[in-house]
Amino acid sequence: MALRIDQDHSRFKAIVRGKIKQNLKKYVQQGEMVGKKGKEFISIPVPFIDVPHFKHGSRQGGVGQGEGQPGDSIGQGQPQPGDGSGKAGEGEGQHVLEVDVSLDELATILGEELQLPNIEHRGSEKIVTTRIKYTGINTIGPQSLRHFKRTFREALKRQIALGTYNPERPIVVPIKQDVRYRTFKLENLPETNAVIIYMMDVSGSMGDEQKEIVRIESFWLDTWLKHQYKGLESRFIIHDAVAREVDRETFFHTRESGGTMISSAYKLCRDIIKADYPSSSWNIYPFHFSDGDNWSADDTRQCIELLKGDVLSDVNQFAYGQVESPYGSGQFIKDLREHLGDNDKVALSEIADKDGIYASIKDFLGKGR
Amino acid sequence: MPKSLTPRLQDLKVEIEGYARAFGLDFFEQVFEVLSTDELNMVAAYGGFPTRYPHWRWGMEYEQLAKSSEYGLSKIYELVINNDPCFAYLLEANAEVDQKLVMAHVYGHNDFFKNNFTFKFTNRKMVDEMANHGTRVRRWIDKVGVEKIEDYIDLALSLENLIDQHAPHIRRNPDPRVEKEQQNTRAEGIRVDRDYMRPFMNPAEFVASQQKKLDAEKLQSKKFPERPQRDVLAFLLEHAPLEDWEHEILSIVRTEAYYFAPQAQTKIMNEGWASYWHSTIMTTRALRDHEIIDYADHHSGTMATQPGKLNPYKMGIELFRDIEERWNKGRFGKEWDECDDLRVRRAWDKKLNAGREKIFEVRKHYNDVTFIDEFLTPEFAIEQKLFTFNFNDKKNTWEIATREFKKVKHKLLQSLTNFGQPVIDVVDANWENRGELVLAHKHDGVDLEPNYAKETLKNLQALWKRPVAIVTKVEGKSLMMRHDGTTFSEKKVEL
């Protein structure tokens, strides 16, 4: 059914896409993409346009409620007291109930938002295992699948409604109608293996902001690929003039300095693949992030040879993301484009700033390989 | 499309309304409409008024609401608007216990709209007025073109917070010209009866200083505006060179801003009052045994607190309950204040039972600022575990600063004063005799966000058409930011 709002809604979407009203485009914000809540929960990005007002600077603090000692952290997000105060006037009495989303659902949403194609697996796809997945609750079923908690709850509800429940002597006796059973479906799971090999340039020219971009982007790549492959493995390589393999923590937090020889990372990447991941049964995704400032043209040539000669034949897709940095020349992506630009297995993307992450994820994952 | 109530819901309405009336709530006629999720999202996006003028930002609100309900992030329970009759929307898919809760909550809001003093001058036929605004804007769109109108609305929205929240209640500018007529322009000193006394009573220096004062006053009266004006939008409407359609749009934006202002001024009280009543009505009257668990679940969900955000529902309901208890037990007045024996205070109960009466009085005569100022006690702050938080630059995180009562209260009041918006006046509309508009920001310890200020100035300039400036403080130093339409500049000033 057509709603009256449709006209305003499509106009808003046109502004966000930059089709009309260029003067507003600069106010479009993508919201926070990685706002981790608890262990694996997250908030959804929705674009919004903030019409400028005279307003107080952020970080003014405010009043909160709850446990904790002075000095205790209450989070890195933006608990702005001003939040919603602008809106407070408008939607009087809107009750909003917040619910968390799991990473798996998040990946689905990401896929829908960016219209990402599902990845075509390769490898031993013919080996299929069946798995039982509990999907719901039913009133009939075998005793072995009885859901005790649900049964109890139904019984409690019934007794309260009938008035036979006595809080002094809380005895709950389920009868036949109260019993609930789990129901399941059989799912076919093709066995697939996948590995992501992250490579990052940590030379002096990669600042904190560039690393933050890499961190956010890798999070989303991780989320999506995990959604596509169960049991995804990750390996991490950092490099300046030499490359070494590190754990996740080090990968995102090291800052080295010195020159850049990208070929060193590609060599290590090739060695890891050869040693641990035979391409016949593994889906392999190397991602390399750098500011594009390689040491010499010689080294760049070597990189391209490595890619052409060894790496590309083994992997599903080789992705290179170039983060814009005030120091780098940004030459590397141009060289790659020139020599490998027409290769299907190569995804290249330039990431100007945090807002560019969105587009870049699409560059990387849009091919469905 | 809105459906009228099903017979079952109609019965519930009659039931709940009966309880509300029996408790002494005094409300406008209440109309409930039942909407699907999509429709409710739409109406909420329009701020409760589906007939409003077309603008992309309703679409933006809708996108957010639709997405978050689609992905199960959040859902709107209820939506109520200040109007006579009072309209509220129910979500079709809600369970019966939720509908009852929402209805009870709505009667609380309705009573608050009707009785609280801040709402006294709001238009109670706003549904009609909003529809009129919609018609007028659409007519101008047909004449002038959608791009031009929408751009202008964007400009006006950029300034919509520059209103005078007290304006409906007092006369700011009594016409000053009347008494000025007879005033002398030459200083004569003190009246002297005997001429020979004159040099003693009025020495030359004295007369000169008097003259100086008079001259300054005269200069002041030539200033335009004569005294700072808080209602920047009204000032622009009166004095900016506007086309007819520009005038009309700016006026519409201003009218709507004033209509919504009381709701921002009473967020804590309003939600607190409505929550107090849904809780009272549900738990003492309307709840059936089998609904208790669902009710408790949803009530506690609404009252949940997060460390970095103050939940107005929670704060409001607890404060109303605290006031009720204090007035029931007579815990107020001189004797109570002076008693510092903790044991006596704990056992203090004069059995006045004046609590209910008191909270009805409070809901009538207070707004959030005065409510917190008068009724937030140290005991309450401890019991509710209130604290202030600040940003720690070194650790790049928000952290709890203190639980000290005075500081908590001060911070809370500061964040509520002038709806938490910066206080800004028009001080000069003919700066340096060049027709430039100067605003002054009353700095209360928090700087303006500089990038937003810059963009807002640009928008203001587009309205005023001559250069505009704002005087504020940045990091403790006075600064004038100026925009002349093409370039932005800053300079240090003393004012």
# chains A, B, ... in the order shown; residues from 1 in each chain; ligands from 1
>>> residues_around(residues="stretch 266-279 of chain B", least_positions_apart="4", cutoff="8 Å", atoms="only C-alpha atoms", output="MDAnalysis selection string")
(chainID A and resid 88 93) or (chainID B and resid 101:109 112 262 283 299 312:321 363 367:368 371)
>>> closest_residue(among="B:Tyr89, B:Ile292, B:Lys114, B:Met126", to="B:Arg52", atoms="only C-alpha atoms")
B:Met126
>>> atom_distance(atom1="atom CA of B:Gly420", atom2="atom CA of B:Ala167")
17.1 Å
>>> atom_distance(atom1="atom CA of B:Ala88", atom2="atom CA of B:Ala45")
14.4 Å
>>> residues_around(residues="A:Phe332", least_positions_apart="6", cutoff="9 Å", atoms="only C-alpha atoms", output="list in words")
Ser290, Asp291, Gly292, Asp293, Asn294, Thr300 and Gln322 of chain A
>>> write_last_selection(atoms="N, CA and C atoms", output="mmCIF file, in the first residue's frame")
data_model
loop_
_atom_site.group_PDB
_atom_site.id
_atom_site.type_symbol
_atom_site.label_atom_id
_atom_site.label_comp_id
_atom_site.auth_asym_id
_atom_site.auth_seq_id
_atom_site.Cartn_x
_atom_site.Cartn_y
_atom_site.Cartn_z
ATOM 1 N N SER A 290 47.466 -0.895 2.704
ATOM 2 C CA SER A 290 48.681 -0.099 2.731
ATOM 3 C C SER A 290 48.329 1.330 2.351
ATOM 4 N N ASP A 291 49.274 2.230 2.538
ATOM 5 C CA ASP A 291 49.003 3.585 2.051
ATOM 6 C C ASP A 291 49.575 3.786 0.648
ATOM 7 N N GLY A 292 50.071 2.713 0.085
ATOM 8 C CA GLY A 292 50.447 2.762 -1.326
ATOM 9 C C GLY A 292 51.812 3.362 -1.610
ATOM 10 N N ASP A 293 52.629 3.455 -0.590
ATOM 11 C CA ASP A 293 53.939 4.077 -0.772
ATOM 12 C C ASP A 293 55.003 2.992 -0.709
ATOM 13 N N ASN A 294 55.311 2.370 -1.817
ATOM 14 C CA ASN A 294 56.299 1.292 -1.802
ATOM 15 C C ASN A 294 57.702 1.852 -1.956
ATOM 16 N N THR A 300 57.994 -3.070 -6.510
ATOM 17 C CA THR A 300 56.643 -3.155 -7.042
ATOM 18 C C THR A 300 56.573 -4.191 -8.148
ATOM 19 N N GLN A 322 43.753 0.523 -0.488
ATOM 20 C CA GLN A 322 44.712 1.593 -0.242
ATOM 21 C C GLN A 322 44.075 2.698 0.595
#
>>> residues_around(residues="B:Asp373", least_positions_apart="5", cutoff="12 Å", atoms="only C-alpha atoms", output="mmCIF file with C-alpha atoms, in the first residue's frame")
data_model
loop_
_atom_site.group_PDB
_atom_site.id
_atom_site.type_symbol
_atom_site.label_atom_id
_atom_site.label_comp_id
_atom_site.auth_asym_id
_atom_site.auth_seq_id
_atom_site.Cartn_x
_atom_site.Cartn_y
_atom_site.Cartn_z
ATOM 1 C CA LEU B 319 11.070 11.525 41.554
ATOM 2 C CA TYR B 366 6.741 22.963 37.462
ATOM 3 C CA ASN B 367 8.902 22.298 34.443
ATOM 4 C CA ASP B 368 11.964 20.009 34.359
ATOM 5 C CA PRO B 378 20.820 14.177 48.301
ATOM 6 C CA LYS B 406 26.036 19.427 44.336
ATOM 7 C CA VAL B 408 25.420 16.102 39.979
ATOM 8 C CA LYS B 409 22.562 18.522 40.474
ATOM 9 C CA HIS B 410 24.421 21.380 38.847
ATOM 10 C CA LYS B 411 25.283 19.310 35.810
ATOM 11 C CA LEU B 412 21.746 18.054 35.508
ATOM 12 C CA LEU B 413 20.283 21.548 35.707
ATOM 13 C CA GLN B 414 22.824 22.846 33.256
ATOM 14 C CA LEU B 416 18.204 21.052 31.066
ATOM 15 C CA THR B 417 18.366 24.839 31.051
#
>>> atom_distance(atom1="atom CA of A:Phe251", atom2="atom CA of B:Glu399")
27.5 Å
>>> select_by_dssp(residues="stretch 256-389 of chain B", states="strand (DSSP E or B)", output="ChimeraX atom specification")
/B:306,309,386-389
>>> residues_around(residues="stretch 22-39 of chain B", least_positions_apart="2", cutoff="6 Å", atoms="only C-alpha atoms", output="list of chain:residue names")
B:Pro2, B:Lys3, B:Ser4, B:Tyr19, B:Ala20, B:Asn41, B:Met42, B:Asp84, B:Pro85, B:Cys86, B:Phe87, B:Ala88, B:Tyr89, B:Leu90, B:Leu91, B:Glu92, B:Asn110, B:Asp111
>>> closest_residue(among="A:Arg158, A:Ser218, A:Thr164, A:His56", to="A:Gln177", atoms="only C-alpha atoms")
A:Arg158
>>> closest_residue(among="A:Gly231, A:Gly207, A:Pro70, A:Pro167", to="A:Glu324", atoms="only C-alpha atoms")
A:Gly207
>>> residues_around(residues="A:Asp335", least_positions_apart="3", cutoff="10 Å", atoms="only C-alpha atoms", output="list in words")
Gly292, Ala297, Thr300, Arg301, Ile304, Gly330, Gln331, Phe332, Glu338, His339, Leu340 and Gly341 of chain A
>>> write_last_selection(atoms="N, CA and C atoms", output="PDB file, in the first residue's frame")
ATOM      1  N   GLY A 292      50.071   2.713   0.085  1.00  0.00           N
ATOM      2  CA  GLY A 292      50.447   2.762  -1.326  1.00  0.00           C
ATOM      3  C   GLY A 292      51.812   3.362  -1.610  1.00  0.00           C
ATOM      4  N   ALA A 297      60.391   1.059  -7.398  1.00  0.00           N
ATOM      5  CA  ALA A 297      59.682   0.504  -8.545  1.00  0.00           C
ATOM      6  C   ALA A 297      60.076  -0.950  -8.736  1.00  0.00           C
ATOM      7  N   THR A 300      57.994  -3.070  -6.510  1.00  0.00           N
ATOM      8  CA  THR A 300      56.643  -3.155  -7.042  1.00  0.00           C
ATOM      9  C   THR A 300      56.573  -4.191  -8.148  1.00  0.00           C
ATOM     10  N   ARG A 301      57.598  -4.179  -9.017  1.00  0.00           N
ATOM     11  CA  ARG A 301      57.635  -5.140 -10.112  1.00  0.00           C
ATOM     12  C   ARG A 301      57.661  -6.566  -9.551  1.00  0.00           C
ATOM     13  N   ILE A 304      54.252  -7.648  -8.363  1.00  0.00           N
ATOM     14  CA  ILE A 304      53.335  -8.033  -9.429  1.00  0.00           C
ATOM     15  C   ILE A 304      53.681  -9.420  -9.952  1.00  0.00           C
ATOM     16  N   GLY A 330      50.771   6.994  -2.854  1.00  0.00           N
ATOM     17  CA  GLY A 330      49.604   6.313  -3.416  1.00  0.00           C
ATOM     18  C   GLY A 330      49.854   5.731  -4.780  1.00  0.00           C
ATOM     19  N   GLN A 331      51.125   5.476  -5.094  1.00  0.00           N
ATOM     20  CA  GLN A 331      51.479   4.993  -6.420  1.00  0.00           C
ATOM     21  C   GLN A 331      51.091   3.528  -6.622  1.00  0.00           C
ATOM     22  N   PHE A 332      51.147   2.734  -5.550  1.00  0.00           N
ATOM     23  CA  PHE A 332      51.064   1.286  -5.685  1.00  0.00           C
ATOM     24  C   PHE A 332      49.779   0.808  -6.375  1.00  0.00           C
ATOM     25  N   GLU A 338      47.365  -1.019 -13.414  1.00  0.00           N
ATOM     26  CA  GLU A 338      47.926  -1.080 -14.757  1.00  0.00           C
ATOM     27  C   GLU A 338      48.222  -2.529 -15.169  1.00  0.00           C
ATOM     28  N   HIS A 339      48.804  -3.290 -14.226  1.00  0.00           N
ATOM     29  CA  HIS A 339      49.243  -4.631 -14.604  1.00  0.00           C
ATOM     30  C   HIS A 339      48.201  -5.708 -14.369  1.00  0.00           C
ATOM     31  N   LEU A 340      47.337  -5.504 -13.355  1.00  0.00           N
ATOM     32  CA  LEU A 340      46.418  -6.583 -12.995  1.00  0.00           C
ATOM     33  C   LEU A 340      44.957  -6.154 -13.033  1.00  0.00           C
ATOM     34  N   GLY A 341      44.735  -4.918 -13.445  1.00  0.00           N
ATOM     35  CA  GLY A 341      43.397  -4.356 -13.371  1.00  0.00           C
ATOM     36  C   GLY A 341      42.331  -5.186 -14.059  1.00  0.00           C
TER      37      GLY A 341
END
